[in-house]
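Undergrad: So I've got this file, work-v1.cif, and it contains mmCIF, C-alpha atoms and all ligand atoms:
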data_my_file
loop_
_atom_site.label_atom_id
_atom_site.label_comp_id
_atom_site.auth_asym_id
_atom_site.auth_seq_id
_atom_site.Cartn_x
_atom_site.Cartn_y
_atom_site.Cartn_z
CA MET A 11 13.97 -5.87 47.60
CA VAL A 12 10.57 -4.78 46.33
CA GLN A 13 7.97 -7.46 46.07
CA GLN A 14 7.25 -8.37 42.41
CA ARG A 15 3.67 -7.48 41.51
CA THR A 16 2.12 -8.60 38.24
CA ASN A 17 -0.63 -7.44 35.93
CA PRO A 18 -3.98 -8.55 37.47
CA LEU A 19 -5.17 -9.68 34.02
CA ARG A 20 -2.69 -12.54 34.30
CA LYS A 21 -5.26 -14.41 36.36
CA TYR A 22 -7.00 -15.25 33.06
CA ILE A 23 -3.82 -16.67 31.55
CA ARG A 24 -2.13 -20.05 31.68
CA ASN A 25 0.83 -18.52 33.43
CA ARG A 26 3.14 -21.47 33.04
CA LYS A 27 3.00 -20.81 29.27
CA LEU A 28 4.56 -17.37 29.65
CA PRO A 29 6.63 -15.83 28.12
CA HIS A 30 4.49 -16.45 25.07
CA PHE A 31 5.71 -17.42 21.64
CA PHE A 32 5.06 -14.10 19.86
CA CYS A 33 8.00 -12.06 18.59
CA PRO A 34 8.98 -8.93 20.54
CA GLY A 35 6.47 -6.21 19.74
CA CYS A 36 3.98 -8.47 17.95
CA GLY A 37 0.43 -7.15 17.79
CA CYS A 38 -1.00 -10.53 18.78
CA GLY A 39 0.28 -10.03 22.33
CA GLN A 40 -1.36 -6.64 22.51
CA ILE A 41 -4.65 -8.04 21.24
CA LEU A 42 -4.48 -10.78 23.87
CA ASN A 43 -4.13 -7.99 26.43
CA TYR A 44 -7.00 -5.95 24.95
CA PHE A 45 -9.27 -8.99 24.92
CA LEU A 46 -8.52 -9.75 28.58
CA LYS A 47 -9.21 -6.14 29.48
CA ALA A 48 -12.57 -6.29 27.69
CA VAL A 49 -13.51 -9.56 29.41
CA ASP A 50 -12.44 -8.17 32.77
CA ASP A 51 -14.45 -4.98 32.31
CA LEU A 52 -17.56 -6.95 31.38
CA GLN A 53 -16.97 -9.48 34.18
CA LEU A 54 -17.76 -12.37 31.82
CA ASP A 55 -17.68 -15.91 33.15
CA PHE A 56 -14.62 -17.60 31.66
CA LYS A 57 -16.30 -20.99 32.14
CA LYS A 58 -18.95 -19.99 29.60
CA ILE A 59 -16.58 -18.85 26.88
CA ILE A 60 -15.04 -21.06 24.22
CA THR A 61 -12.17 -19.60 22.27
CA ILE A 62 -11.15 -20.96 18.90
CA GLY A 63 -8.01 -20.48 16.85
CA GLY A 64 -7.18 -22.02 13.50
CA VAL A 65 -3.56 -22.12 12.43
CA GLY A 66 -1.17 -19.19 12.46
CA CYS A 67 0.44 -16.82 14.92
CA THR A 68 -2.89 -15.21 15.74
CA ALA A 69 -4.49 -18.59 16.22
CA ARG A 70 -2.14 -19.24 19.12
CA ILE A 71 -3.83 -16.59 21.27
CA PRO A 72 -6.40 -19.10 22.70
CA ILE A 73 -3.53 -21.32 23.86
CA TYR A 74 -2.69 -18.76 26.52
CA LEU A 75 -6.27 -18.17 27.66
CA ASN A 76 -7.64 -20.11 30.58
CA THR A 77 -10.86 -20.96 28.71
CA ASP A 78 -11.89 -24.11 26.92
CA SER A 79 -10.34 -23.77 23.51
CA LEU A 80 -9.86 -25.41 20.15
CA HIS A 81 -6.78 -25.00 18.00
CA GLY A 82 -5.26 -26.46 14.93
CA VAL A 83 -7.24 -26.68 11.68
CA HIS A 84 -6.39 -23.94 9.23
CA GLY A 85 -9.38 -21.81 8.23
CA ARG A 86 -12.08 -23.98 9.76
CA THR A 87 -12.68 -21.95 12.91
CA LEU A 88 -16.18 -20.95 11.84
CA ALA A 89 -17.13 -24.52 10.97
CA TRP A 90 -16.23 -25.54 14.52
CA ALA A 91 -18.03 -22.52 15.90
CA THR A 92 -21.21 -23.40 14.00
CA GLY A 93 -21.24 -26.87 15.52
CA ILE A 94 -20.62 -25.63 19.04
CA LYS A 95 -23.16 -22.85 18.77
CA LEU A 96 -25.93 -25.10 17.50
CA TYR A 97 -25.37 -27.70 20.19
CA ARG A 98 -24.79 -25.28 23.08
CA PRO A 99 -26.30 -21.88 22.27
CA ASP A 100 -25.70 -20.75 25.87
CA LEU A 101 -21.92 -20.68 25.40
CA LYS A 102 -20.14 -17.61 24.11
CA VAL A 103 -17.86 -18.43 21.21
CA VAL A 104 -14.92 -16.17 20.42
CA ILE A 105 -12.74 -16.75 17.38
CA PHE A 106 -9.22 -15.46 16.94
CA ALA A 107 -8.30 -15.62 13.29
CA GLY A 108 -5.50 -14.31 11.13
CA ASP A 109 -6.21 -12.67 7.81
CA GLY A 110 -5.02 -15.76 5.96
CA ASP A 111 -7.06 -17.97 8.22
CA LEU A 112 -10.33 -16.06 7.92
CA VAL A 113 -10.45 -14.63 4.42
CA SER A 114 -8.05 -16.77 2.42
CA ILE A 115 -8.41 -20.46 3.22
CA GLY A 116 -11.51 -19.91 5.39
CA GLY A 117 -13.11 -17.33 3.13
CA ASN A 118 -16.12 -19.41 2.28
CA HIS A 119 -16.95 -20.23 5.90
CA PHE A 120 -16.68 -16.54 6.65
CA LEU A 121 -19.19 -15.55 3.95
CA HIS A 122 -21.75 -18.07 5.04
CA ALA A 123 -21.40 -17.49 8.78
CA SER A 124 -22.01 -13.79 8.10
CA ARG A 125 -24.94 -14.58 5.85
CA ARG A 126 -26.55 -16.81 8.46
CA ASN A 127 -25.81 -14.35 11.27
CA LEU A 128 -24.22 -17.03 13.44
CA ASP A 129 -24.02 -15.74 17.01
CA VAL A 130 -20.22 -15.63 17.43
CA THR A 131 -17.57 -12.97 17.92
CA VAL A 132 -14.70 -12.94 15.45
CA ILE A 133 -11.54 -11.05 16.29
CA LEU A 134 -9.60 -10.76 13.06
CA VAL A 135 -5.94 -9.89 13.46
CA ASN A 136 -4.96 -8.36 10.16
CA ASN A 137 -1.18 -8.30 9.92
CA PHE A 138 -1.21 -8.07 6.10
CA ASN A 139 0.54 -11.39 5.47
CA PHE A 140 0.80 -15.08 6.30
CA ALA A 141 3.07 -14.47 9.23
CA MET A 142 3.72 -17.87 10.75
CA THR A 143 4.94 -19.46 7.55
CA GLY A 144 7.41 -16.69 6.80
CA GLY A 145 5.57 -13.71 5.33
CA GLN A 146 3.84 -14.81 2.12
CA VAL A 147 1.37 -12.59 0.28
CA ALA A 148 -2.18 -12.64 1.69
CA PRO A 149 -5.49 -11.28 0.36
CA THR A 150 -5.02 -8.29 2.67
CA THR A 151 -1.47 -7.38 1.60
CA PRO A 152 -1.45 -3.78 0.31
CA PHE A 153 -0.94 -3.34 -3.45
CA ASN A 154 2.72 -3.25 -4.53
CA SER A 155 4.09 -4.52 -1.21
CA VAL A 156 7.14 -6.72 -1.29
CA THR A 157 6.62 -10.00 0.54
CA MET A 158 8.44 -13.31 0.57
CA THR A 159 6.50 -14.57 -2.46
CA THR A 160 6.17 -11.24 -4.30
CA PRO A 161 9.74 -9.94 -4.58
CA TYR A 162 8.73 -7.36 -7.22
CA GLY A 163 5.68 -6.13 -5.30
CA SER A 164 2.24 -7.69 -5.05
CA LYS A 165 0.06 -6.97 -8.06
CA GLU A 166 -3.11 -8.29 -6.49
CA ASN A 167 -5.97 -6.15 -5.34
CA THR A 168 -6.72 -6.32 -1.65
CA ILE A 169 -9.90 -7.44 -0.03
CA ASP A 170 -11.77 -5.10 2.32
CA VAL A 171 -12.88 -7.57 4.97
CA CYS A 172 -15.27 -5.18 6.71
CA LYS A 173 -17.09 -4.27 3.49
CA LEU A 174 -17.30 -7.96 2.63
CA ALA A 175 -18.79 -8.80 6.03
CA VAL A 176 -21.35 -6.01 5.81
CA SER A 177 -22.50 -7.04 2.35
CA ALA A 178 -22.64 -10.70 3.37
CA GLY A 179 -24.95 -9.85 6.27
CA ALA A 180 -22.88 -9.55 9.47
CA THR A 181 -24.61 -7.47 12.13
CA TYR A 182 -21.71 -5.86 13.98
CA VAL A 183 -18.59 -4.86 12.05
CA SER A 184 -15.78 -2.55 13.07
CA ARG A 185 -12.14 -1.95 12.23
CA TRP A 186 -9.50 -0.64 14.65
CA SER A 187 -5.78 -1.01 15.05
CA THR A 188 -3.37 -1.94 17.82
CA ALA A 189 -2.31 1.72 17.86
CA LYS A 190 -5.77 2.61 19.20
CA PRO A 191 -6.03 0.61 22.45
CA ILE A 192 -8.98 2.38 24.07
CA GLN A 193 -11.21 2.23 20.99
CA THR A 194 -10.25 -1.39 20.32
CA VAL A 195 -11.16 -2.49 23.84
CA LYS A 196 -14.45 -0.63 23.60
CA SER A 197 -15.23 -2.28 20.29
CA ILE A 198 -14.35 -5.77 21.57
CA LYS A 199 -16.69 -5.17 24.50
CA LYS A 200 -19.49 -4.18 22.14
CA ALA A 201 -18.86 -7.22 19.96
CA LEU A 202 -18.89 -9.58 22.94
CA GLN A 203 -22.25 -8.22 24.05
CA HIS A 204 -23.74 -8.25 20.56
CA LYS A 205 -26.20 -10.98 19.63
CA GLY A 206 -25.35 -12.07 16.10
CA PHE A 207 -22.27 -12.24 13.92
CA SER A 208 -19.80 -9.66 15.19
CA LEU A 209 -16.46 -8.93 13.56
CA VAL A 210 -13.73 -6.73 14.96
CA GLU A 211 -10.88 -6.35 12.50
CA ILE A 212 -7.72 -5.18 14.22
CA LEU A 213 -4.86 -3.93 12.07
CA SER A 214 -1.75 -5.25 13.70
CA GLN A 215 1.99 -4.97 13.33
CA CYS A 216 4.10 -7.92 12.22
CA PRO A 217 7.63 -6.55 12.52
CA THR A 218 9.35 -9.85 11.79
CA ASN A 219 7.79 -10.67 8.43
CA PHE A 220 5.65 -7.88 7.01
CA GLY A 221 7.89 -5.24 8.58
CA ARG A 222 11.13 -6.63 7.25
CA TYR A 223 9.95 -7.51 3.74
CA ALA A 224 7.53 -4.70 2.91
CA LEU A 225 8.69 -1.85 5.10
CA ARG A 226 12.38 -2.74 5.42
CA THR A 227 12.33 -2.48 9.19
CA GLY A 228 12.07 -4.96 12.01
CA ASP A 229 11.16 -2.29 14.53
CA PRO A 230 7.61 -2.77 15.88
CA GLU A 231 7.33 0.94 16.58
CA LYS A 232 7.97 1.84 12.94
CA VAL A 233 5.44 -0.69 11.66
CA LEU A 234 2.93 0.70 14.12
CA GLU A 235 3.73 4.21 12.90
CA TRP A 236 3.15 3.05 9.30
CA ILE A 237 -0.29 1.69 10.22
CA LYS A 238 -1.09 4.89 12.10
CA ASN A 239 -0.11 7.12 9.18
CA ARG A 240 -2.26 5.15 6.79
CA SER A 241 -5.30 5.04 9.05
CA ILE A 242 -8.13 7.49 8.82
CA SER A 243 -11.35 7.69 10.77
CA LYS A 244 -14.68 6.90 9.16
CA THR A 245 -16.07 10.40 9.67
CA LYS A 246 -13.03 11.95 7.99
CA ALA A 247 -13.10 9.41 5.19
CA GLU A 248 -16.66 10.32 4.25
CA LYS A 249 -15.46 13.74 3.09
CA LEU A 250 -12.71 12.40 0.84
CA ASN A 251 -12.97 10.99 -2.68
CA GLU A 252 -11.93 7.56 -3.85
CA HIS A 253 -8.56 8.70 -5.13
CA GLU A 254 -7.57 10.24 -1.79
CA LEU A 255 -8.63 7.08 0.05
CA LYS A 256 -6.60 4.77 -2.16
CA ASP A 257 -3.93 3.69 0.31
CA LYS A 258 -5.89 4.35 3.46
CA PHE A 259 -7.34 2.07 6.12
CA ILE A 260 -10.70 3.36 7.30
CA LEU A 261 -11.20 2.89 11.04
CA GLY A 262 -14.56 2.88 12.74
CA GLU A 263 -17.82 1.06 13.17
CA PHE A 264 -19.49 0.05 9.92
CA ILE A 265 -22.68 -1.59 11.04
CA ASP A 266 -24.53 -2.34 14.27
CA LYS A 267 -28.00 -3.77 13.81
CA LYS A 268 -30.26 -6.60 14.95
CA ARG A 269 -31.38 -9.61 12.95
CA PRO A 270 -32.54 -13.14 13.94
CA VAL A 271 -29.57 -15.38 14.63
CA PHE A 272 -28.88 -18.76 13.05
CA GLN A 273 -30.27 -21.67 15.06
CA GLY A 274 -30.02 -24.47 12.53
CA THR A 275 -32.39 -25.27 9.71
CA THR A 276 -33.46 -28.82 10.50
CA LEU A 277 -35.03 -27.86 13.82
CA PHE A 278 -38.26 -25.96 14.15
CA LYS A 279 -38.01 -23.14 16.69
CA GLU A 280 -40.21 -20.15 17.41
CA GLU A 281 -38.61 -16.86 16.43
CA ASP A 282 -37.65 -15.46 19.77
CA ASN A 283 -35.17 -12.73 19.16
CA MET B 21 2.24 4.29 43.45
CA ALA B 22 4.69 2.04 41.72
CA ILE B 23 5.43 0.66 38.27
CA TYR B 24 6.54 -2.95 38.10
CA ILE B 25 8.14 -4.60 35.08
CA ASP B 26 8.23 -8.38 35.12
CA GLU B 27 11.81 -8.80 33.95
CA LYS B 28 11.49 -12.50 33.28
CA ILE B 29 8.85 -12.11 30.56
CA CYS B 30 9.68 -8.69 29.09
CA LYS B 31 11.04 -8.99 25.55
CA GLY B 32 12.29 -5.43 25.24
CA CYS B 33 10.06 -4.43 22.33
CA LYS B 34 10.02 -0.78 23.48
CA LEU B 35 6.29 -0.35 22.86
CA CYS B 36 5.85 1.01 26.40
CA ILE B 37 8.25 3.80 25.49
CA HIS B 38 6.24 4.42 22.32
CA PHE B 39 2.86 4.56 24.05
CA CYS B 40 3.83 6.42 27.25
CA PRO B 41 2.84 10.09 26.87
CA ASN B 42 5.22 11.26 29.61
CA ASN B 43 8.48 9.43 28.86
CA VAL B 44 8.43 7.43 32.05
CA PHE B 45 10.40 4.54 30.52
CA GLN B 46 13.85 4.58 29.01
CA MET B 47 16.24 2.02 27.59
CA ARG B 48 19.40 1.87 29.66
CA ASN B 49 21.53 -1.21 29.61
CA LYS B 50 19.60 -3.59 31.75
CA ILE B 51 19.60 -7.14 30.35
CA ASN B 52 17.28 -9.91 31.50
CA ASN B 53 17.87 -13.64 31.84
CA LYS B 54 16.90 -14.26 28.18
CA GLY B 55 19.36 -11.67 26.88
CA PHE B 56 16.82 -9.00 25.95
CA VAL B 57 17.67 -5.38 26.69
CA ILE B 58 14.71 -4.23 28.76
CA PRO B 59 13.42 -0.77 29.67
CA ASP B 60 13.84 0.91 33.01
CA VAL B 61 11.44 3.14 34.91
CA VAL B 62 13.27 6.45 35.05
CA ASN B 63 10.65 9.15 35.58
CA GLU B 64 8.23 7.57 37.97
CA SER B 65 7.20 10.98 39.33
CA LYS B 66 5.89 11.98 35.89
CA CYS B 67 3.50 9.01 35.70
CA THR B 68 -0.17 9.98 35.65
CA LYS B 69 -1.41 6.38 35.99
CA CYS B 70 -3.12 6.38 32.60
CA LYS B 71 -2.14 2.68 32.44
CA LEU B 72 -1.57 2.77 28.68
CA CYS B 73 1.68 0.87 29.18
CA GLU B 74 -0.11 -1.83 31.16
CA LEU B 75 -2.78 -2.16 28.47
CA THR B 76 -0.48 -2.09 25.46
CA CYS B 77 2.35 -4.30 26.69
CA PRO B 78 2.28 -7.35 24.40
CA ASP B 79 3.81 -9.53 27.11
CA LEU B 80 1.57 -8.43 30.01
CA ALA B 81 4.77 -7.62 31.83
CA ILE B 82 3.87 -4.19 33.23
CA PHE B 83 1.77 -3.44 36.28
CA VAL B 84 0.96 0.07 37.48
CA GLU B 85 -0.29 0.36 41.01
C1 LIG C 1 -4.45 -26.77 5.48
C2 LIG C 1 -3.22 -26.02 5.77
N1 LIG C 1 -2.65 -25.26 4.78
C3 LIG C 1 -1.54 -24.54 5.03
C4 LIG C 1 -0.95 -24.55 6.26
C5 LIG C 1 0.31 -23.76 6.50
N2 LIG C 1 0.11 -22.55 7.28
C6 LIG C 1 0.37 -22.53 8.60
S1 LIG C 1 0.19 -21.00 9.27
C7 LIG C 1 -0.24 -20.34 7.80
C8 LIG C 1 -0.51 -18.87 7.65
C9 LIG C 1 -1.49 -18.29 8.59
O1 LIG C 1 -1.63 -16.93 8.30
P1 LIG C 1 -2.64 -16.03 9.07
O2 LIG C 1 -3.91 -16.73 9.22
O3 LIG C 1 -2.67 -14.69 8.42
O4 LIG C 1 -2.04 -15.92 10.53
P2 LIG C 1 -0.79 -15.08 11.04
O5 LIG C 1 0.31 -16.07 11.22
O6 LIG C 1 -0.48 -14.03 10.04
O7 LIG C 1 -1.23 -14.51 12.35
C10 LIG C 1 -0.24 -21.33 6.79
C11 LIG C 1 -0.54 -21.06 5.38
C12 LIG C 1 -1.55 -25.35 7.27
N3 LIG C 1 -1.04 -25.41 8.51
N4 LIG C 1 -2.67 -26.05 7.00
MG MG C 2 -1.78 -12.86 8.94
#
Would you mind writing the file out in structure tokens?
TA:
Amino acid sequence: MVQQRTNPLRKYIRNRKLPHFFCPGCGCGQILNYFLKAVDDLQLDFKKIITIGGVGCTARIPIYLNTDSLHGVHGRTLAWATGIKLYRPDLKVVIFAGDGDLVSIGGNHFLHASRRNLDVTVILVNNFNFAMTGGQVAPTTPFNSVTMTTPYGSKENTIDVCKLAVSAGATYVSRWSTAKPIQTVKSIKKALQHKGFSLVEILSQCPTNFGRYALRTGDPEKVLEWIKNRSISKTKAEKLNEHELKDKFILGEFIDKKRPVFQGTTLFKEEDN
Amino acid sequence: MAIYIDEKICKGCKLCIHFCPNNVFQMRNKINNKGFVIPDVVNESKCTKCKLCELTCPDLAIFVE
């Protein structure tokens, strides 16, 4: 019998928790894998990272990581992160948030953390719906999609999270998808090394809820294919007009700049960055 | 060189088949202890060790050595 060898990245995982809770083919599992790969490539010290998840499928990613982590208040990840970062600026704070978590219930925290340029990394898993509670419409659900709560198609306009972050003042913003593993890992690495508010939005497949309601398929591969067909790179998108870009997701890096980070307003500190 | 699939934690989502550029994996009728139909390594000689399967497996079940 051959000796069973396992993925070396599993050394960062609470192995007794495996197999994890995600559905077969869920993008959250892939993003967990991409994050571990990025951390491994950068050789970051896991003792100096705090991971935070709110509530949702995505928010369960920190449960499997062998870091100190917080979990369990819907939408308030950035409020926690602000507190941690002001008290212990030496720690690296990474947030895993779903689209509902970050831009629906936690939308306000998101705006103000971007505005202040809080030094955290946000990994937004955009699966186009509220997945954990059964596939309700979210601010990121594409126009006219059928979801659990919009049986005749959603008539709400979607929010472009990356544009919102850029205009609110975030200093590193990019959007990739689970179908682009190499670019996503590269972008997560950049975000982890960036000083300031960094957001990596990752379009992700939710076969169980978004797939079945909106796309009429529970096959992760088909949902992935749907994301792939709708995605377009930033350089290509610049040549197209608004009408042609209507149903498209633009992938790429939207901003990468430097700005003083938030250190609290009741303390006097010399500007040192 | 070898490709290992951790049968206990594989959920049979078939994403390795989707991402593999050389059709190394295939669904036969292997079933694991949780009742999932899981993929088999059929064309190991075609593997170029790009490790896309290892990176994209949602369950961290694959290891390419
Ligand atoms: C204050 C509060 N409101 C509502 C809920 C119910 N709830 C649990 S998970 C969830 C949806 C989370 O969606 P998202 O953040 O997109 O994560 P996903 O499951 O899609 O990864 C909601 C509304 C809750 N737990 N707490
Ligand atoms: Mg969601």
Undergrad: Give me, as a list in words, the set of residues whose atoms come within 6 Å of any atom of ligand LIG 1 (chain C), counting all atoms listed in the file.
TA: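 The residues within 6 Å of ligand LIG 1 (chain C), counting all atoms listed in the file, are Val65, Gly66, Cys67, Thr68, His84, Gly108, Asp109, Gly110, Asp111, Asn137, Asn139, Phe140, Ala141, Met142 and Thr143 of chain A.
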Undergrad: Tell me which of A:Lys258, A:His253, A:His119, A:Arg15 sits closest to chain B, counting all atoms listed in the file.
TA: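 Distance minimum relative to chain B lands on A:Arg15.
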Undergrad: Quick one: residues within 10 Å of segment 44-59 of chain B, all atoms listed in the file, excluding same-chain residues fewer than 6 positions away - as number ranges by chain?
TA: A: 34; B: 23, 25-38, 65-68, 73
Undergrad: Could you tell me how far atom CA of His122 of chain A sits from atom CA of Gly144 of chain A, in Å to one decimal place?
TA: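 Separation between atom CA of Gly144 of chain A and atom CA of His122 of chain A: 29.2 Å.
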Undergrad: In Å to one decimal, how far is atom CA of Asp257 of chain A from atom CA of Ser208 of chain A?
TA: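 Atom CA of Ser208 of chain A sits 25.5 Å away from atom CA of Asp257 of chain A.
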Undergrad: Please identify all polymer residues within 8 Å of segment 176-187 of chain A, counting all atoms listed in the file, omitting same-chain residues fewer than 4 positions from it, and present them as an MDAnalysis selection string.
TA: chainID A and resid 121:122 124:127 172 191 193:194 197 201 204 206:214 237 260:269
Undergrad: Convert the current residue selection to file output with C-alpha atoms, as a PDB file, in the frame of the given file.
TA:
ATOM      1  CA  LEU A 121     -19.190 -15.550   3.950  1.00  0.00           C
ATOM      2  CA  HIS A 122     -21.750 -18.070   5.040  1.00  0.00           C
ATOM      3  CA  SER A 124     -22.010 -13.790   8.100  1.00  0.00           C
ATOM      4  CA  ARG A 125     -24.940 -14.580   5.850  1.00  0.00           C
ATOM      5  CA  ARG A 126     -26.550 -16.810   8.460  1.00  0.00           C
ATOM      6  CA  ASN A 127     -25.810 -14.350  11.270  1.00  0.00           C
ATOM      7  CA  CYS A 172     -15.270  -5.180   6.710  1.00  0.00           C
ATOM      8  CA  PRO A 191      -6.030   0.610  22.450  1.00  0.00           C
ATOM      9  CA  GLN A 193     -11.210   2.230  20.990  1.00  0.00           C
ATOM     10  CA  THR A 194     -10.250  -1.390  20.320  1.00  0.00           C
ATOM     11  CA  SER A 197     -15.230  -2.280  20.290  1.00  0.00           C
ATOM     12  CA  ALA A 201     -18.860  -7.220  19.960  1.00  0.00           C
ATOM     13  CA  HIS A 204     -23.740  -8.250  20.560  1.00  0.00           C
ATOM     14  CA  GLY A 206     -25.350 -12.070  16.100  1.00  0.00           C
ATOM     15  CA  PHE A 207     -22.270 -12.240  13.920  1.00  0.00           C
ATOM     16  CA  SER A 208     -19.800  -9.660  15.190  1.00  0.00           C
ATOM     17  CA  LEU A 209     -16.460  -8.930  13.560  1.00  0.00           C
ATOM     18  CA  VAL A 210     -13.730  -6.730  14.960  1.00  0.00           C
ATOM     19  CA  GLU A 211     -10.880  -6.350  12.500  1.00  0.00           C
ATOM     20  CA  ILE A 212      -7.720  -5.180  14.220  1.00  0.00           C
ATOM     21  CA  LEU A 213      -4.860  -3.930  12.070  1.00  0.00           C
ATOM     22  CA  SER A 214      -1.750  -5.250  13.700  1.00  0.00           C
ATOM     23  CA  ILE A 237      -0.290   1.690  10.220  1.00  0.00           C
ATOM     24  CA  ILE A 260     -10.700   3.360   7.300  1.00  0.00           C
ATOM     25  CA  LEU A 261     -11.200   2.890  11.040  1.00  0.00           C
ATOM     26  CA  GLY A 262     -14.560   2.880  12.740  1.00  0.00           C
ATOM     27  CA  GLU A 263     -17.820   1.060  13.170  1.00  0.00           C
ATOM     28  CA  PHE A 264     -19.490   0.050   9.920  1.00  0.00           C
ATOM     29  CA  ILE A 265     -22.680  -1.590  11.040  1.00  0.00           C
ATOM     30  CA  ASP A 266     -24.530  -2.340  14.270  1.00  0.00           C
ATOM     31  CA  LYS A 267     -28.000  -3.770  13.810  1.00  0.00           C
ATOM     32  CA  LYS A 268     -30.260  -6.600  14.950  1.00  0.00           C
ATOM     33  CA  ARG A 269     -31.380  -9.610  12.950  1.00  0.00           C
TER      34      ARG A 269
END
Undergrad: Could you work out an axis-aligned box for segment 21-35 of chain A, taking every atom the file lists and adding 6 Å on each side, and report centre and edge lengths in Å to one decimal, as JSON?
TA:
{"center_x": 1.0, "center_y": -13.8, "center_z": 27.5, "size_x": 28.0, "size_y": 27.3, "size_z": 29.8}
Undergrad: Measuring between only C-alpha atoms and all ligand atoms, which one of A:Asn167, A:Thr92, A:Thr218, A:Thr77 shows the shortest distance to ligand MG 2 (chain C)?
TA: A:Thr218
Undergrad: Find the distance between atom CA of Tyr44 of chain A and atom CA of Leu75 of chain B and write it in Å to one decimal.
TA: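 Between these atoms lies a distance of 6.7 Å.
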Undergrad: At a cut-off of 9 Å from (-16.5, -17.5, 14.1) in the coordinates of the file, what residues are picked up using all atoms listed in the file, written as a list in words?
TA: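 Collected hits near the coordinates: Ile62, Arg86, Thr87, Leu88, Ala89, Trp90, Ala91, Thr92, Val103, Val104, Ile105, Phe106, Ala107, Leu112, His119, Phe120, Ala123, Ser124, Leu128, Asp129, Val130, Thr131, Val132, Ile133, Phe207, Ser208 and Leu209 of chain A.
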Undergrad: Taking all atoms listed in the file into account, name the residue in A:Pro230, A:Gly145, A:Gly221, A:Gly274 that is nearest to ligand MG 2 (chain C).
TA: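 Smallest distance to ligand MG 2 (chain C) is found for A:Gly145.
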Undergrad: Which residue gives the smallest distance to chain B among A:Lys190, A:Arg240, A:Arg98, A:Arg70, with only C-alpha atoms counted?
TA: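 Of the candidates, the smallest distance to chain B is held by A:Lys190.
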Undergrad: What residues in chain A have any atom no more than 10 Å from chain B when counting all atoms listed in the file, and can you write them as number ranges by chain?
TA: A: 12-20, 23, 28-44, 46-47, 188-192, 195, 229-232, 234-235
Undergrad: For ligand MG 2 (chain C), which of A:Pro149, A:Phe45, A:Leu101, A:Gly63 is the closest residue, counting only C-alpha atoms and all ligand atoms?
TA: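 Going through A:Pro149, A:Phe45, A:Leu101, A:Gly63 one by one, the smallest distance to ligand MG 2 (chain C) is for A:Pro149.
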Undergrad: Counting all atoms listed in the file, which residue out of A:Leu134, A:Ile73, A:Leu96, A:Leu52 sits closest to ligand MG 2 (chain C)?
TA: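 The answer is A:Leu134, which sits nearest to ligand MG 2 (chain C).
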